[in-house]
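A.B. asks: Pasting a structure below so you can have a look.
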Amino acid sequence: MGLAVRIIPCLDIDDGRVVKGVKFVDIRDAGDPVEIARRYDRAGADEITFLDITASHEDRETLVHVVEAVAAEVFIPLTVGGGIRSIADVRRMLNAGADKVAINTAALRDPDLVREAAERFGSQCIVVAVDAKRVGDDEQNPRWEVFTHGGRKPTGIDAVEWAGRMAAAGAGELLVTSMDRDGTRVGFDNALNRAISEHAGVPLIASGGVGSLQDLVDGVQQGQADAVLAASIFHFGEYTIAEAKAHMADAGIEVRR
Amino acid sequence: MAVMKVAVIDYGMGNLRSVARALEHVGAESVVVTDNPAVIQGCSRVVFPGQGAVRDCMSALQAHDLLGVLEQVMADRPFLGICMGMQALMERSEENQGVTALGRFAGTVRHFRALTADNPALKIPHMGWNGVEQSQAHPLWAGIANGERFYFVHSYFVDPRSPDIVYGESEYGGRFAAAIGAENVFATQFHPEKSQQPGLRLLQNFLAWDGQACN
């Protein structure tokens, strides 16, 4: 037996409620985060990720309470992202009961934040979220750039190189979201994930584009993902975590059951 | 009857509240998260968690003046080390050109590259749910299936000098010690507080443990 590939349901949180946007625009309400986290824990989720999608100051306070409530009864790792801008934000989420925090835009503004946070709290709790989009039209040699603001703003930074820099700075894990695929249900950008996996050497969570259980398998076998993150296929009851794990196990992937 | 108090040693290394919450969840009546040697001294069980690097751990223990009380409670009451709290029990760690640790067990703490060198596709840290083979029976394994998965996150692993202290082994690049122990001390590289049902069971077993290694 070896290390299992993790399945991570992602709960997008807005003012204490779970939502999931399609391409970050078309948002539907999927319920109470504590109840959903408890359900996913029982259903066999290997971790749970909360992403605060509005991240206004008031909503972050709401999120602290959500994390506290979930951590009091769910004993699997919890990752919190969205609006993490400072060491104080990291500490607040860890103290609330998060096991990891995902840093996204703030790392671009201040690359030292990741180094400092990893030194202070340990690499194991620092995830860097990389939102990447394909640039150029050379299909044979794809390139990706880091984007911000839900995929609207280019940064001019090469995503693979950036991921390597963040791992070197102390990120213990990378959450890689393909902005081209997010919400499309056509599968992960496996070329992107493979390029980052080979370059960065730290665990990678693939995100963005899951529409079928085979997409999860491809994410692991083609993208070398260590964990797969999905929202809508689980939230709206299309598939259960157990079905996802059964499908992955049939494909020869180790999962926790 | 006096309430059984469990100390969770707080020396500024990581998320200790989840350990405390998990202990409460499995029935601990009184859990104190503390760096006060006198308070630790007054508890009948001690949990020694931690995350990060051995060097930082050792200087934090020194700064909080905890080395003396640790030495004592490691000798005379049920004691559970978790993650860094397991690594710190060894003689030394090879990180930062070598750091002297608590020396409760003979052996060293080594970087995972030593195990994964032949397989560069294995990423470090070793992060996620891995199976633990129970190499010896122990009261803390009660009700937990052999090979059960627990949650790990670490870049260094414990390499004990003697296999006699190894109670559980896992595989990542090679085999490594996932749980060690002797007498009243048990320690896990994985995080029971984050390992759902099997982890909660291990913590429950710890609360019921009389501190004897063998049945």
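Chain labels follow the order of the structure tokens: the first chain is A, the next B, and so on; residue numbering restarts at 1 in every chain, and ligands are counted from 1 in their shown order.
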Running DSSP on the backbone, which parts of region 76-208 of chain B land in alpha helix (DSSP H), as a PyMOL selection string?
C.D. replies: chain B and resi 76+84-87+113-116+196-208
A.B. asks: Could you name the residues that touch Ala244 (chain A) at 6 Å or less, counting only C-alpha atoms, but leaving out those on the same chain fewer than 3 positions away, as a PDB file with all heavy atoms, in the first residue's frame?
C.D. replies:
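Result written to part_31.pdb:
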ATOM      1  N   LEU A 213     -16.023  11.484 -14.008  1.00  0.00           N
ATOM      2  CA  LEU A 213     -15.092  10.761 -13.143  1.00  0.00           C
ATOM      3  C   LEU A 213     -13.803  10.432 -13.888  1.00  0.00           C
ATOM      4  O   LEU A 213     -12.728  10.349 -13.284  1.00  0.00           O
ATOM      5  CB  LEU A 213     -15.757   9.495 -12.598  1.00  0.00           C
ATOM      6  CG  LEU A 213     -17.002   9.748 -11.748  1.00  0.00           C
ATOM      7  CD1 LEU A 213     -17.529   8.433 -11.191  1.00  0.00           C
ATOM      8  CD2 LEU A 213     -16.691  10.719 -10.607  1.00  0.00           C
ATOM      9  N   ILE A 241     -18.556  10.799  -3.572  1.00  0.00           N
ATOM     10  CA  ILE A 241     -17.118  10.605  -3.386  1.00  0.00           C
ATOM     11  C   ILE A 241     -16.789   9.123  -3.579  1.00  0.00           C
ATOM     12  O   ILE A 241     -15.784   8.769  -4.186  1.00  0.00           O
ATOM     13  CB  ILE A 241     -16.689  11.068  -1.977  1.00  0.00           C
ATOM     14  CG1 ILE A 241     -17.039  12.544  -1.751  1.00  0.00           C
ATOM     15  CG2 ILE A 241     -15.218  10.787  -1.740  1.00  0.00           C
ATOM     16  CD1 ILE A 241     -16.080  13.534  -2.304  1.00  0.00           C
ATOM     17  N   HIS A 247     -14.194   4.556  -9.220  1.00  0.00           N
ATOM     18  CA  HIS A 247     -13.749   4.729 -10.605  1.00  0.00           C
ATOM     19  C   HIS A 247     -12.221   4.852 -10.672  1.00  0.00           C
ATOM     20  O   HIS A 247     -11.577   4.269 -11.543  1.00  0.00           O
ATOM     21  CB  HIS A 247     -14.410   5.971 -11.204  1.00  0.00           C
ATOM     22  CG  HIS A 247     -14.222   6.083 -12.688  1.00  0.00           C
ATOM     23  ND1 HIS A 247     -15.067   5.465 -13.589  1.00  0.00           N
ATOM     24  CD2 HIS A 247     -13.283   6.719 -13.423  1.00  0.00           C
ATOM     25  CE1 HIS A 247     -14.650   5.715 -14.817  1.00  0.00           C
ATOM     26  NE2 HIS A 247     -13.572   6.482 -14.750  1.00  0.00           N
TER      27      HIS A 247
END
A.B. asks: Each residue of chain B lying at most 8 Å from chain A should get a row with its shortest atom-to-atom pair and the distance in Å to one decimal, counting only C-alpha atoms; could you produce that, ordered by chain and increasing number, as a Markdown table?
C.D. replies:
| residue | atom | partner | partner_atom | distance |
| --- | --- | --- | --- | --- |
| B:Met13 | CA | A:Phe121 | CA | 7.1 |
| B:Gly14 | CA | A:Phe121 | CA | 6.2 |
| B:Asn15 | CA | A:Leu94 | CA | 6.2 |
| B:Arg17 | CA | A:Gly97 | CA | 6.8 |
| B:Ser18 | CA | A:Gly97 | CA | 6.2 |
| B:Arg21 | CA | A:Ala72 | CA | 6.3 |
| B:Ala22 | CA | A:Phe75 | CA | 7.2 |
| B:His25 | CA | A:Glu73 | CA | 7.7 |
| B:Gln51 | CA | A:Gly122 | CA | 6.5 |
| B:Gly52 | CA | A:Gly122 | CA | 4.6 |
| B:Ala53 | CA | A:Gly122 | CA | 7.5 |
| B:Ala121 | CA | A:Glu198 | CA | 7.4 |
| B:Leu122 | CA | A:Gly201 | CA | 7.8 |
| B:Lys123 | CA | A:Val202 | CA | 5.0 |
| B:Ile124 | CA | A:Val202 | CA | 5.3 |
| B:Pro125 | CA | A:Val202 | CA | 6.5 |
| B:Met127 | CA | A:Pro203 | CA | 7.2 |
| B:Gly128 | CA | A:Leu3 | CA | 6.6 |
| B:Trp129 | CA | A:Ala4 | CA | 5.5 |
| B:Asn130 | CA | A:Leu3 | CA | 4.4 |
| B:Gly131 | CA | A:Met1 | CA | 6.0 |
| B:Gly147 | CA | A:Met1 | CA | 7.9 |
| B:Arg149 | CA | A:Arg256 | CA | 7.0 |
| B:Val153 | CA | A:Gln124 | CA | 6.3 |
| B:His154 | CA | A:Gln124 | CA | 7.1 |
| B:Ser170 | CA | A:Gly2 | CA | 7.6 |
| B:Glu171 | CA | A:Gly2 | CA | 5.8 |
| B:Tyr172 | CA | A:Gly2 | CA | 6.5 |
| B:Glu193 | CA | A:Phe75 | CA | 6.2 |
| B:Lys194 | CA | A:Ile76 | CA | 4.4 |
| B:Ser195 | CA | A:Ile76 | CA | 5.7 |
| B:Gln196 | CA | A:Phe75 | CA | 5.0 |
A.B. asks: For Asp52 (chain A), find every residue with an atom within 10 Å (counting only C-alpha atoms), except residues of its own chain fewer than 5 positions away, and show them as a list in words.
C.D. replies: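 Once the adjacent positions are removed, what remains is Leu11, Asp12, Ile13, Asp14, Asp15, Gly16, Arg17, Val18, Val19, Asp59, Arg60, Thr62, Leu63, Val80, Gly81, Gly82, Gly83 and Ile84 of chain A.
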A.B. asks: Residues near region 148-161 of chain A, anyone? I mean within 8 Å using only C-alpha atoms, not counting same-chain ones fewer than 3 positions away, as a list of chain:residue names.
C.D. replies: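 Everything that qualifies: A:Phe24, A:Thr105, A:Val130, A:Asp131, A:Ala132, A:Lys133, A:Arg143, A:Trp144, A:Glu145, A:Gly164, A:Arg165, A:Met179, A:Leu192, A:Ala195, A:Ile196, A:His199, A:Ala200.
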A.B. asks: Could you list, as a ChimeraX atom specification, every residue within 7 Å of region 94-101 of chain B, counting only C-alpha atoms and ignoring same-chain residues fewer than 6 positions away?
C.D. replies: /B:55,58,88,109-110
A.B. asks: Would you put the residues from that selection into a file with all heavy atoms, as a PDB file, in the first residue's frame?
C.D. replies:
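Everything below was put into selection_20.pdb:
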ATOM      1  N   ARG B  55      14.976  22.033  14.415  1.00  0.00           N
ATOM      2  CA  ARG B  55      15.780  23.114  14.994  1.00  0.00           C
ATOM      3  C   ARG B  55      14.888  24.139  15.690  1.00  0.00           C
ATOM      4  O   ARG B  55      15.129  24.537  16.830  1.00  0.00           O
ATOM      5  CB  ARG B  55      16.605  23.799  13.897  1.00  0.00           C
ATOM      6  CG  ARG B  55      17.479  24.918  14.426  1.00  0.00           C
ATOM      7  CD  ARG B  55      18.156  25.698  13.326  1.00  0.00           C
ATOM      8  NE  ARG B  55      17.160  26.220  12.378  1.00  0.00           N
ATOM      9  CZ  ARG B  55      17.459  26.990  11.351  1.00  0.00           C
ATOM     10  NH1 ARG B  55      18.708  27.308  11.096  1.00  0.00           N
ATOM     11  NH2 ARG B  55      16.517  27.424  10.543  1.00  0.00           N
ATOM     12  N   MET B  58      13.352  22.666  18.868  1.00  0.00           N
ATOM     13  CA  MET B  58      14.242  22.605  20.021  1.00  0.00           C
ATOM     14  C   MET B  58      14.459  24.000  20.622  1.00  0.00           C
ATOM     15  O   MET B  58      14.470  24.163  21.846  1.00  0.00           O
ATOM     16  CB  MET B  58      15.593  21.986  19.631  1.00  0.00           C
ATOM     17  CG  MET B  58      15.519  20.497  19.306  1.00  0.00           C
ATOM     18  SD  MET B  58      14.760  19.476  20.597  1.00  0.00           S
ATOM     19  CE  MET B  58      15.937  19.715  21.937  1.00  0.00           C
ATOM     20  N   ALA B  88      11.230  14.943  17.338  1.00  0.00           N
ATOM     21  CA  ALA B  88      12.034  15.580  18.379  1.00  0.00           C
ATOM     22  C   ALA B  88      12.481  14.593  19.454  1.00  0.00           C
ATOM     23  O   ALA B  88      13.380  14.885  20.248  1.00  0.00           O
ATOM     24  CB  ALA B  88      11.247  16.727  19.020  1.00  0.00           C
ATOM     25  N   VAL B 109      16.784  11.755  12.465  1.00  0.00           N
ATOM     26  CA  VAL B 109      15.711  12.245  11.610  1.00  0.00           C
ATOM     27  C   VAL B 109      16.349  12.632  10.288  1.00  0.00           C
ATOM     28  O   VAL B 109      17.305  13.405  10.272  1.00  0.00           O
ATOM     29  CB  VAL B 109      15.011  13.463  12.253  1.00  0.00           C
ATOM     30  CG1 VAL B 109      13.882  13.956  11.366  1.00  0.00           C
ATOM     31  CG2 VAL B 109      14.495  13.108  13.644  1.00  0.00           C
ATOM     32  N   ARG B 110      15.855  12.045   9.194  1.00  0.00           N
ATOM     33  CA  ARG B 110      16.498  12.247   7.893  1.00  0.00           C
ATOM     34  C   ARG B 110      15.520  12.793   6.859  1.00  0.00           C
ATOM     35  O   ARG B 110      14.329  12.607   6.968  1.00  0.00           O
ATOM     36  CB  ARG B 110      17.067  10.908   7.403  1.00  0.00           C
ATOM     37  CG  ARG B 110      17.986  10.261   8.416  1.00  0.00           C
ATOM     38  CD  ARG B 110      18.424   8.888   7.962  1.00  0.00           C
ATOM     39  NE  ARG B 110      19.188   8.972   6.732  1.00  0.00           N
ATOM     40  CZ  ARG B 110      19.395   7.929   5.907  1.00  0.00           C
ATOM     41  NH1 ARG B 110      18.857   6.761   6.189  1.00  0.00           N
ATOM     42  NH2 ARG B 110      20.103   8.082   4.820  1.00  0.00           N
TER      43      ARG B 110
END
A.B. asks: Using only C-alpha atoms, which of the listed residues (B:Arg45, B:His138, B:Arg113, B:His126) sits closest to Phe190 (chain B)?
C.D. replies: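 Selected residue with least distance to Phe190 (chain B): B:His126.
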A.B. asks: Considering only C-alpha atoms, can you say which of B:Lys5, B:Trp209, B:Tyr167, B:Asn36 comes closest to Glu24 (chain B)?
C.D. replies: B:Lys5
A.B. asks: Hey, what's within 9 Å of Pro37 (chain B) if we count only C-alpha atoms and toss same-chain stuff fewer than 5 positions away? As number ranges by chain, please?
C.D. replies: B: 42, 64-66, 68-70
